[in-house]
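Below is work-v8.txt, which holds compact mmCIF, C-alpha atoms.
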```
# COMPACT_ATOMS: atom_id res chain seq x y z
CA MET C 1 8.86 -35.75 2.97
CA ASN C 2 8.66 -35.94 -0.84
CA ALA C 3 11.36 -37.70 -2.84
CA CYS C 4 14.30 -35.38 -3.54
CA PRO C 5 14.20 -33.75 -6.95
CA GLU C 6 17.26 -33.67 -9.19
CA LEU C 7 19.81 -31.30 -7.62
CA GLU C 8 20.17 -29.17 -10.76
CA THR C 9 16.39 -28.71 -11.01
CA LEU C 10 16.16 -27.99 -7.30
CA LEU C 11 18.89 -25.34 -7.22
CA VAL C 12 17.67 -23.62 -10.38
CA ALA C 13 14.13 -23.56 -8.99
CA ALA C 14 15.36 -22.24 -5.64
CA ALA C 15 17.28 -19.48 -7.41
CA GLU C 16 14.02 -18.57 -9.15
CA HIS C 17 12.20 -18.28 -5.77
CA ASP C 18 10.17 -21.42 -6.40
CA ALA C 19 8.17 -21.99 -3.20
CA GLU C 20 8.21 -25.78 -3.48
CA ALA C 21 11.98 -25.91 -4.00
CA LEU C 22 12.60 -23.54 -1.08
CA ALA C 23 10.31 -25.60 1.14
CA HIS C 24 12.16 -28.78 0.18
CA LEU C 25 15.51 -27.19 1.03
CA ARG C 26 14.11 -26.15 4.40
CA THR C 27 13.00 -29.68 5.26
CA CYS C 28 15.59 -31.93 3.60
CA PRO C 29 18.99 -31.82 5.31
CA ASP C 30 20.72 -33.79 2.52
CA CYS C 31 19.66 -31.37 -0.20
CA ALA C 32 20.33 -28.39 2.06
CA PHE C 33 23.85 -29.72 2.65
CA LEU C 34 24.51 -30.05 -1.10
CA ALA C 35 23.05 -26.60 -1.73
CA GLU C 36 25.33 -25.16 0.92
CA GLU C 37 28.36 -26.88 -0.64
CA HIS C 38 27.49 -25.36 -4.01
CA ARG C 39 27.03 -21.96 -2.41
CA GLN C 40 30.44 -22.17 -0.71
CA LEU C 41 32.05 -23.30 -3.95
CA GLU C 42 30.48 -20.37 -5.79
CA LYS C 43 31.80 -18.02 -3.14
CA ASP C 44 35.34 -19.38 -3.60
CA LEU C 45 35.07 -19.31 -7.37
CA PHE C 46 33.95 -15.68 -7.33
CA ARG C 47 37.19 -14.83 -5.48
CA LEU C 48 39.33 -16.07 -8.34
CA ALA C 49 40.64 -13.48 -10.76
CA ASP C 50 42.24 -13.39 -14.15
CA PRO C 51 46.03 -13.44 -14.02
CA LEU C 52 47.97 -10.47 -15.27
CA PRO C 53 49.44 -10.95 -18.73
CA PRO C 54 53.22 -10.67 -19.17
CA VAL C 55 54.46 -7.11 -18.58
CA ASP C 56 55.55 -6.69 -22.20
CA PHE C 57 52.32 -8.11 -23.61
CA VAL C 58 50.98 -4.89 -25.17
CA GLN C 59 54.39 -3.94 -26.58
CA THR C 60 54.76 -7.37 -28.17
CA VAL C 61 51.30 -7.19 -29.72
CA MET C 62 51.94 -3.70 -31.07
CA ALA C 63 55.35 -4.73 -32.43
CA ARG C 64 53.76 -7.62 -34.30
CA LEU C 65 50.97 -5.32 -35.42
CA ALA C 66 53.46 -2.83 -36.87
CA LEU C 67 54.22 -5.40 -39.55
CA GLU C 68 50.54 -5.56 -40.54
CA PRO C 69 48.84 -3.10 -42.92
CA ALA C 70 46.05 -0.90 -41.47
CA PRO C 71 42.56 -2.47 -41.57
CA ALA C 72 41.17 0.26 -43.87
CA ARG C 73 44.03 -0.33 -46.30
CA VAL C 74 43.37 -4.07 -46.16
CA GLU C 75 39.72 -3.51 -47.06
CA ILE C 76 40.61 -1.22 -49.97
CA ARG C 77 43.24 -3.68 -51.16
CA THR C 78 40.75 -6.57 -50.99
CA GLY C 79 38.13 -4.54 -52.89
CA LEU C 80 40.61 -3.56 -55.58
CA SER C 81 41.82 -7.16 -55.92
CA ILE C 82 38.24 -8.38 -56.43
CA LEU C 83 37.62 -5.63 -58.99
CA ALA C 84 40.84 -6.41 -60.85
CA VAL C 85 40.15 -10.16 -60.99
CA THR C 86 36.57 -9.57 -62.19
CA LEU C 87 37.70 -7.17 -64.93
CA MET C 88 40.46 -9.52 -66.00
CA GLY C 89 37.98 -12.41 -66.17
CA ALA C 90 35.59 -10.33 -68.26
CA VAL C 91 38.33 -9.29 -70.69
CA LEU C 92 39.60 -12.87 -71.01
CA ALA C 93 36.08 -14.16 -71.65
CA PHE C 94 35.54 -11.45 -74.29
CA VAL C 95 38.78 -12.31 -76.08
CA ALA C 96 38.31 -16.09 -75.80
CA THR C 97 34.81 -15.94 -77.33
CA HIS C 98 35.87 -13.47 -80.05
CA GLY C 99 33.46 -10.88 -78.73
CA LYS C 100 30.45 -13.20 -78.80
CA ILE C 101 30.06 -12.90 -75.04
CA GLY C 102 28.93 -9.31 -75.69
CA LEU C 103 25.67 -10.78 -77.02
CA LEU C 104 25.05 -12.52 -73.69
CA GLY C 105 23.26 -9.52 -72.24
CA THR C 106 20.93 -9.21 -75.26
CA ARG C 107 20.11 -12.92 -75.10
CA ALA C 108 19.45 -12.77 -71.36
CA ALA C 109 17.13 -9.79 -71.86
CA SER C 110 15.28 -11.64 -74.70
CA ALA C 111 14.86 -14.69 -72.47
CA VAL C 112 13.43 -12.55 -69.67
CA VAL C 113 10.92 -10.95 -72.06
CA ALA C 114 9.93 -14.36 -73.48
CA TRP C 115 9.39 -15.86 -70.04
CA ARG C 116 7.45 -12.79 -68.96
CA ASN C 117 5.09 -13.13 -71.95
CA LEU C 118 4.63 -16.84 -71.22
CA PHE C 119 3.86 -16.11 -67.56
CA PHE C 120 1.29 -13.43 -68.42
CA GLY C 121 -0.30 -15.72 -71.04
CA ILE C 122 -0.75 -18.56 -68.53
CA SER C 123 -2.07 -16.14 -65.88
CA GLU C 124 -4.66 -14.72 -68.28
CA ALA C 125 -5.75 -18.21 -69.35
CA LEU C 126 -6.16 -19.31 -65.74
CA ALA C 127 -8.10 -16.13 -64.91
CA ALA C 128 -10.44 -16.76 -67.86
CA ILE C 129 -11.09 -20.37 -66.80
CA TRP C 130 -11.61 -19.29 -63.19
CA SER C 131 -14.17 -16.63 -64.14
CA THR C 132 -16.17 -19.03 -66.30
CA ALA C 133 -15.81 -22.39 -64.51
CA ALA C 134 -14.44 -21.97 -61.01
CA VAL C 135 -16.17 -24.97 -59.42
CA PRO C 136 -15.21 -27.56 -62.08
CA MET C 137 -11.65 -26.18 -61.95
CA VAL C 138 -11.41 -26.61 -58.16
CA VAL C 139 -12.90 -30.12 -58.37
CA THR C 140 -10.47 -31.10 -61.15
CA MET C 141 -7.48 -29.72 -59.23
CA ALA C 142 -8.55 -31.47 -56.00
CA GLY C 143 -9.02 -34.73 -57.91
CA LEU C 144 -5.57 -34.39 -59.49
CA ILE C 145 -3.96 -33.79 -56.11
CA VAL C 146 -5.71 -36.76 -54.47
CA VAL C 147 -4.88 -39.13 -57.33
CA SER C 148 -1.24 -37.99 -57.40
CA THR C 149 -0.88 -38.40 -53.64
CA LEU C 150 -2.39 -41.88 -53.66
CA GLY C 151 -0.20 -42.87 -56.58
CA LEU C 152 2.94 -41.63 -54.82
CA ARG C 153 2.00 -43.50 -51.63
CA ARG C 154 1.46 -46.72 -53.54
CA LEU C 155 4.75 -46.27 -55.33
CA ALA C 156 6.57 -45.65 -52.04
CA ALA C 157 4.93 -48.70 -50.40
CA HIS C 158 5.87 -50.84 -53.40
CA ARG C 159 9.52 -49.75 -53.13
CA VAL C 160 9.62 -50.52 -49.41
CA VAL C 161 8.26 -54.04 -50.03
CA GLU C 162 10.77 -54.54 -52.85
CA ALA C 163 13.62 -53.42 -50.60
CA ARG C 164 12.57 -55.85 -47.88
CA VAL C 165 12.17 -58.77 -50.29
CA ARG C 166 15.53 -58.17 -51.98
CA PRO C 167 18.38 -60.04 -50.27
CA MET P 168 18.78 -21.96 6.95
CA THR P 169 17.12 -18.66 6.03
CA THR P 170 20.54 -17.15 5.30
CA LEU P 171 21.38 -20.15 3.19
CA LEU P 172 18.20 -19.80 1.16
CA SER P 173 18.41 -16.06 0.74
CA SER P 174 21.97 -16.42 -0.55
CA TRP P 175 20.61 -18.47 -3.45
CA LEU P 176 18.24 -15.76 -4.57
CA PRO P 177 19.72 -13.44 -7.19
CA SER P 178 19.86 -9.80 -6.17
CA PRO P 179 17.92 -7.20 -8.22
CA ALA P 180 21.26 -5.82 -9.42
CA ALA P 181 22.33 -9.25 -10.65
CA LEU P 182 19.01 -9.73 -12.40
CA GLY P 183 19.39 -6.33 -14.00
CA SER P 184 22.82 -7.18 -15.33
CA ILE P 185 21.50 -10.43 -16.77
CA LEU P 186 18.57 -8.78 -18.50
CA ALA P 187 20.39 -5.66 -19.66
CA GLU P 188 20.78 -5.48 -23.43
CA PRO P 189 23.69 -3.28 -24.51
CA THR P 190 22.34 -0.53 -26.70
CA THR P 191 24.35 1.02 -29.48
CA GLU P 192 24.88 4.11 -27.32
CA THR P 193 26.26 2.13 -24.38
CA VAL P 194 28.50 -0.26 -26.32
CA PRO P 195 31.95 0.40 -24.89
CA TYR P 196 35.13 0.95 -26.93
CA ARG P 197 33.11 2.25 -29.89
CA THR P 198 35.21 5.38 -30.41
CA GLU P 199 38.46 3.44 -30.15
CA VAL P 200 37.23 0.79 -32.59
CA ARG P 201 36.25 3.40 -35.14
CA ALA P 202 39.59 5.17 -34.82
CA ALA P 203 41.43 1.84 -35.11
CA ARG P 204 39.47 1.04 -38.24
CA ARG P 205 40.75 4.25 -39.77
CA GLY P 206 44.28 3.05 -39.05
CA ASP P 207 44.89 4.73 -35.68
CA ARG P 208 47.26 2.26 -34.01
CA SER P 209 47.25 4.09 -30.69
CA ALA P 210 43.47 3.57 -30.51
CA PHE P 211 43.98 -0.13 -31.05
CA GLU P 212 46.69 -0.14 -28.41
CA ALA P 213 44.16 1.34 -25.97
CA LEU P 214 41.78 -1.50 -26.87
CA VAL P 215 44.50 -4.10 -26.27
CA ARG P 216 45.28 -2.56 -22.88
CA SER P 217 41.60 -2.63 -21.92
CA VAL P 218 40.86 -6.24 -22.78
CA GLN P 219 44.26 -7.95 -22.51
CA ARG P 220 43.60 -9.35 -19.04
CA PRO P 221 40.32 -11.21 -19.73
CA VAL P 222 41.67 -12.44 -23.06
CA TYR P 223 44.92 -13.72 -21.57
CA GLY P 224 43.01 -15.09 -18.57
CA LEU P 225 40.65 -17.11 -20.73
CA CYS P 226 43.55 -18.40 -22.83
CA LEU P 227 45.43 -19.49 -19.71
CA ARG P 228 42.35 -21.21 -18.25
CA LEU P 229 41.85 -23.12 -21.47
CA LEU P 230 45.44 -23.87 -22.47
CA ARG P 231 46.99 -24.07 -18.99
CA THR P 232 50.48 -22.98 -20.03
CA GLU P 233 51.65 -19.39 -19.80
CA ALA P 234 53.73 -19.45 -22.98
CA GLU P 235 50.93 -20.82 -25.11
CA ALA P 236 48.37 -18.52 -23.49
CA ALA P 237 50.53 -15.46 -24.24
CA GLU P 238 51.12 -16.57 -27.81
CA VAL P 239 47.44 -17.27 -28.50
CA ALA P 240 46.36 -14.03 -26.80
CA GLN P 241 48.76 -12.08 -29.05
CA GLU P 242 47.49 -13.93 -32.09
CA THR P 243 43.95 -13.06 -30.99
CA PHE P 244 44.68 -9.34 -31.12
CA LEU P 245 46.40 -9.66 -34.49
CA ARG P 246 43.34 -11.45 -35.89
CA ALA P 247 41.06 -8.86 -34.32
CA TYR P 248 43.07 -6.07 -35.97
CA GLN P 249 43.07 -7.79 -39.35
CA HIS P 250 39.31 -8.38 -39.23
CA LEU P 251 38.17 -5.13 -37.64
CA GLY P 252 36.10 -4.53 -40.79
CA ARG P 253 33.96 -7.56 -39.95
CA TYR P 254 33.30 -6.50 -36.36
CA ASP P 255 29.64 -5.66 -35.70
CA GLU P 256 29.62 -2.41 -33.71
CA SER P 257 26.31 -3.22 -32.04
CA LYS P 258 28.02 -6.03 -30.08
CA PRO P 259 30.53 -5.46 -27.26
CA PHE P 260 34.09 -5.43 -28.57
CA ASP P 261 35.51 -7.41 -25.65
CA LEU P 262 33.08 -10.28 -26.27
CA TRP P 263 34.04 -10.35 -29.93
CA VAL P 264 37.73 -10.57 -29.05
CA LEU P 265 37.02 -13.23 -26.39
CA ALA P 266 35.18 -15.29 -29.00
CA ILE P 267 38.25 -15.08 -31.29
CA ALA P 268 40.51 -16.12 -28.39
CA ARG P 269 38.22 -19.01 -27.53
CA ASN P 270 38.22 -20.31 -31.11
CA LEU P 271 42.00 -20.10 -31.35
CA CYS P 272 42.38 -21.92 -28.01
CA LEU P 273 39.96 -24.66 -29.05
CA ASP P 274 41.84 -25.09 -32.33
CA LEU P 275 45.07 -25.52 -30.39
CA LEU P 276 43.46 -27.92 -27.92
CA ARG P 277 42.17 -30.03 -30.80
CA ARG P 278 45.68 -30.19 -32.22
CA ARG P 279 47.16 -31.27 -28.92
CA SER P 280 47.70 -34.99 -28.80
CA ARG P 281 48.23 -35.36 -25.08
CA VAL P 282 47.93 -33.41 -21.85
CA HIS P 283 51.17 -32.41 -20.18
CA THR P 284 51.08 -33.20 -16.49
CA GLN P 285 53.43 -30.36 -15.60
CA ASP P 286 50.85 -27.85 -16.87
CA VAL P 287 48.88 -28.03 -13.66
CA ASP P 288 51.86 -27.04 -11.52
CA GLU P 289 52.79 -24.26 -13.90
CA MET P 290 49.29 -22.91 -13.78
CA HIS P 291 49.25 -22.80 -9.99
CA GLU P 292 51.97 -20.20 -10.11
CA ALA P 293 50.29 -18.31 -12.92
CA LEU P 294 46.76 -17.96 -11.59
CA PRO P 295 46.41 -15.70 -8.59
CA SER P 296 43.43 -15.30 -6.29
CA GLY P 297 41.55 -12.11 -7.15
CA GLU P 298 41.74 -10.44 -3.79
CA ARG P 299 44.57 -12.44 -2.29
CA SER P 300 46.47 -9.37 -1.25
CA GLN P 301 43.45 -7.80 0.51
CA GLU P 302 41.73 -10.89 1.77
CA GLU P 303 44.59 -13.27 2.33
CA GLY P 304 42.95 -14.54 5.47
CA VAL P 305 39.52 -15.17 3.93
CA ILE P 306 40.55 -17.87 1.50
CA ALA P 307 43.63 -19.73 2.56
CA ALA P 308 46.39 -20.30 0.03
CA GLU P 309 45.98 -24.04 0.38
CA GLU P 310 42.25 -23.90 -0.33
CA HIS P 311 42.94 -21.74 -3.33
CA ARG P 312 45.53 -24.19 -4.55
CA SER P 313 43.16 -27.14 -4.19
CA LEU P 314 40.46 -25.23 -6.04
CA GLU P 315 42.84 -24.51 -8.91
CA THR P 316 44.00 -28.15 -8.91
CA ALA P 317 40.41 -29.36 -9.10
CA LEU P 318 39.63 -26.80 -11.80
CA ALA P 319 42.58 -27.98 -13.86
CA THR P 320 41.19 -31.53 -13.94
CA LEU P 321 37.95 -30.40 -15.60
CA GLY P 322 37.44 -30.43 -19.33
CA SER P 323 37.99 -27.27 -21.37
CA ASP P 324 34.21 -26.73 -21.76
CA ASP P 325 33.73 -26.71 -18.00
CA ARG P 326 36.80 -24.57 -17.29
CA GLU P 327 35.67 -22.09 -19.90
CA VAL P 328 32.16 -21.58 -18.58
CA LEU P 329 33.36 -21.36 -14.96
CA ALA P 330 36.10 -18.87 -15.87
CA LEU P 331 33.74 -16.63 -17.82
CA TYR P 332 31.01 -16.64 -15.18
CA TYR P 333 32.89 -16.61 -11.89
CA VAL P 334 36.31 -15.19 -12.73
CA GLN P 335 35.31 -12.66 -15.38
CA LYS P 336 31.84 -12.03 -13.90
CA ARG P 337 30.15 -12.24 -17.29
CA THR P 338 26.39 -12.60 -17.58
CA THR P 339 24.89 -15.78 -19.02
CA LYS P 340 23.89 -13.81 -22.10
CA GLU P 341 27.47 -12.62 -22.66
CA ILE P 342 28.83 -16.13 -22.13
CA ALA P 343 26.35 -17.47 -24.66
CA GLN P 344 27.58 -14.85 -27.12
CA VAL P 345 31.23 -15.82 -26.63
CA MET P 346 30.53 -19.55 -26.81
CA GLY P 347 28.02 -19.28 -29.63
CA VAL P 348 25.30 -21.23 -27.80
CA ALA P 349 21.76 -20.48 -26.61
CA PRO P 350 21.70 -18.35 -23.41
CA GLY P 351 19.23 -20.78 -21.84
CA THR P 352 21.87 -23.54 -21.77
CA ILE P 353 24.46 -21.62 -19.76
CA MET P 354 22.95 -22.10 -16.30
CA ALA P 355 22.75 -25.86 -16.86
CA ARG P 356 26.36 -25.93 -18.09
CA LEU P 357 27.42 -23.93 -15.07
CA PHE P 358 25.68 -26.27 -12.68
CA ARG P 359 27.20 -29.36 -14.28
CA ALA P 360 30.68 -27.84 -14.26
CA ARG P 361 30.30 -26.78 -10.63
CA GLU P 362 29.02 -30.20 -9.63
CA LYS P 363 32.02 -31.87 -11.31
CA LEU P 364 34.29 -29.44 -9.50
CA ARG P 365 32.58 -30.14 -6.17
CA ARG P 366 32.96 -33.92 -6.62
CA GLN P 367 36.59 -33.48 -7.68
CA MET P 368 37.33 -31.43 -4.59
CA LYS P 369 35.65 -34.06 -2.42
CA THR P 370 37.85 -36.74 -3.98
CA GLU P 371 40.96 -34.66 -3.36
CA ASP P 372 39.91 -33.99 0.23
CA ALA P 373 39.38 -37.72 0.78
CA GLN P 374 42.89 -38.42 -0.49
```

Would you mind writing the file's structure down as structure tokens?
Amino acid sequence: MNACPELETLLVAAAEHDAEALAHLRTCPDCAFLAEEHRQLEKDLFRLADPLPPVDFVQTVMARLALEPAPARVEIRTGLSILAVTLMGAVLAFVATHGKIGLLGTRAASAVVAWRNLFFGISEALAAIWSTAAVPMVVTMAGLIVVSTLGLRRLAAHRVVEARVRP
Amino acid sequence: MTTLLSSWLPSPAALGSILAEPTTETVPYRTEVRAARRGDRSAFEALVRSVQRPVYGLCLRLLRTEAEAAEVAQETFLRAYQHLGRYDESKPFDLWVLAIARNLCLDLLRRRSRVHTQDVDEMHEALPSGERSQEEGVIAAEEHRSLETALATLGSDDREVLALYYVQKRTTKEIAQVMGVAPGTIMARLFRAREKLRRQMKTEDAQ
């Protein structure tokens, strides 16, 4: 007879119709005994039931609930509170900066346009280089990556040695 | 031996219940939840009536005192009502409420500094056998008592998984949803909890 597998593995495998596990249970009285004990325990556990709550349980819950606002009202109230706080913050910021905060939108829009132009400029330059000298560009990029990686590794190794040497 | 082995094999019905994914059409309590969201308190009362027993049952299994279990179960429904807006309708309502109850119970257990020994005795009176009235002769009262005693000695994690699976007949997928863990871990948890229970009962028998 083979050595007994772990009981958990054996029972899970047996529940999944595993032929080897079932064969082991047929031939090993010790494992079969444990499996039977688990089966009996499961049978007893399945007979247990939830207890009944106190008779006035629902009434008590509903009485406590009567003091609460309705969920829809809570949601509306939360939404309105957020809106009110946001508006108040905006007004305070406007007053505190003497109206200068009104220019914030214009500045943000200008920044977006500037960054967009820069991005398109770089893209066009890269496209031009790629169309005229793709191979040298790839070689240069690969070289840069290799050199950077080696440099970083050396730096990391140096720091490790330093850390070990330091008391 | 053949009977023993065949009893270990899950029936097609059991497999079906494990694999079944609740669709949006079959999610129970949907109408009541929607009405409750609109402020219909009688709809929420119907929901409380429907799920009060599993919620209170889980609380009692975890907390082991009737007063605390009732208090936490009530608090669970209040929280559920307050946060109905956050409830995802594609998930079963009872599992959502059970997850709230579980979190509240675990919070309370964390706050507890010591275990009261009288809890076990109190719980014996509180937890009945499911079919005791019909099948009084099948499982003797003494056996039932020793099972409850052994159960009470387990940790809250073990009691929880055993209660959800055996007492509430939840699928592993549903238990995973309530406990917020991967479904694949539930069978292993169940086995370990059952093995602890088996050893505990052996110890009690020996005494």

task = Kindly provide, as a ChimeraX atom specification, the residues of chain C having any atom no farther than 7 Å from an atom of chain P, counting all atoms listed in the file.
result = /C:8,14-17,26,36,45-53,58,61-62,65,70-72

inquiry  = At a cut-off of 12 Å, using all atoms listed in the file, what residues contact range 273-276 of chain P? Leave out same-chain residues fewer than 6 positions from it and give the result as a list in words.
reply    = Leu225, Cys226, Leu227, Arg228, Leu229, Leu230, Arg231, Thr232, Glu235, Ala236, Glu238, Val239, Glu242, Ala266, Ile267, Val282, His283, Gly322, Ser323, Asp324, Glu327 and Met346 of chain P

Those residues with C-alpha atoms, as an mmCIF file, keeping the file's coordinate frame please?
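Writing the result to out29.cif gives the following:
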```
data_model
loop_
_atom_site.group_PDB
_atom_site.id
_atom_site.type_symbol
_atom_site.label_atom_id
_atom_site.label_comp_id
_atom_site.auth_asym_id
_atom_site.auth_seq_id
_atom_site.Cartn_x
_atom_site.Cartn_y
_atom_site.Cartn_z
ATOM 1 C CA LEU P 225 40.650 -17.110 -20.730
ATOM 2 C CA CYS P 226 43.550 -18.400 -22.830
ATOM 3 C CA LEU P 227 45.430 -19.490 -19.710
ATOM 4 C CA ARG P 228 42.350 -21.210 -18.250
ATOM 5 C CA LEU P 229 41.850 -23.120 -21.470
ATOM 6 C CA LEU P 230 45.440 -23.870 -22.470
ATOM 7 C CA ARG P 231 46.990 -24.070 -18.990
ATOM 8 C CA THR P 232 50.480 -22.980 -20.030
ATOM 9 C CA GLU P 235 50.930 -20.820 -25.110
ATOM 10 C CA ALA P 236 48.370 -18.520 -23.490
ATOM 11 C CA GLU P 238 51.120 -16.570 -27.810
ATOM 12 C CA VAL P 239 47.440 -17.270 -28.500
ATOM 13 C CA GLU P 242 47.490 -13.930 -32.090
ATOM 14 C CA ALA P 266 35.180 -15.290 -29.000
ATOM 15 C CA ILE P 267 38.250 -15.080 -31.290
ATOM 16 C CA VAL P 282 47.930 -33.410 -21.850
ATOM 17 C CA HIS P 283 51.170 -32.410 -20.180
ATOM 18 C CA GLY P 322 37.440 -30.430 -19.330
ATOM 19 C CA SER P 323 37.990 -27.270 -21.370
ATOM 20 C CA ASP P 324 34.210 -26.730 -21.760
ATOM 21 C CA GLU P 327 35.670 -22.090 -19.900
ATOM 22 C CA MET P 346 30.530 -19.550 -26.810
#
```

ask   = What is the CA of Ala343 in chain P-CA of Cys31 in chain C distance in Å, reported with one decimal?
value =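 So the two atoms, CA of Ala343 in chain P and CA of Cys31 in chain C, lie 28.9 Å apart.
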
note = As a check of understanding: the span from CA of Val264 in chain P to CA of Gly347 in chain P is 13.1 Å

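Counting from CA of Ala13 in chain C, the distance to CA of Lys363 in chain P is 19.9 Å.
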
request  = Take the point (19.5, -34.3, -4.7) in the file's coordinates, draw a sphere of radius 10 Å around it, and report as a PyMOL selection string every protein, DNA or RNA residue with an atom inside or on it, counting only C-alpha atoms.
outcome  = chain C and resi 3-11+25+28+30-35

Please, what is the axis-aligned box for every listed atom of range 51-64 of chain C with 6 Å on each side, as centre and edge lengths in Å to one decimal, as AutoDock Vina command-line options?
```
--center_x 50.8 --center_y -8.6 --center_z -24.2 --size_x 21.5 --size_y 21.7 --size_z 32.3
```

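Here the question is which of P:Thr339, P:Ser257, P:Gln344, P:Thr320 gets nearest to Arg366 in chain P using only C-alpha atoms, and that residue is P:Thr320.
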
Using all atoms listed in the file: which of P:Thr338, P:Ala373, P:Arg326, P:Arg269 has the shortest distance to Ala360 in chain P =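 When distances to Ala360 in chain P are compared using all atoms listed in the file, the smallest one comes from P:Arg326.
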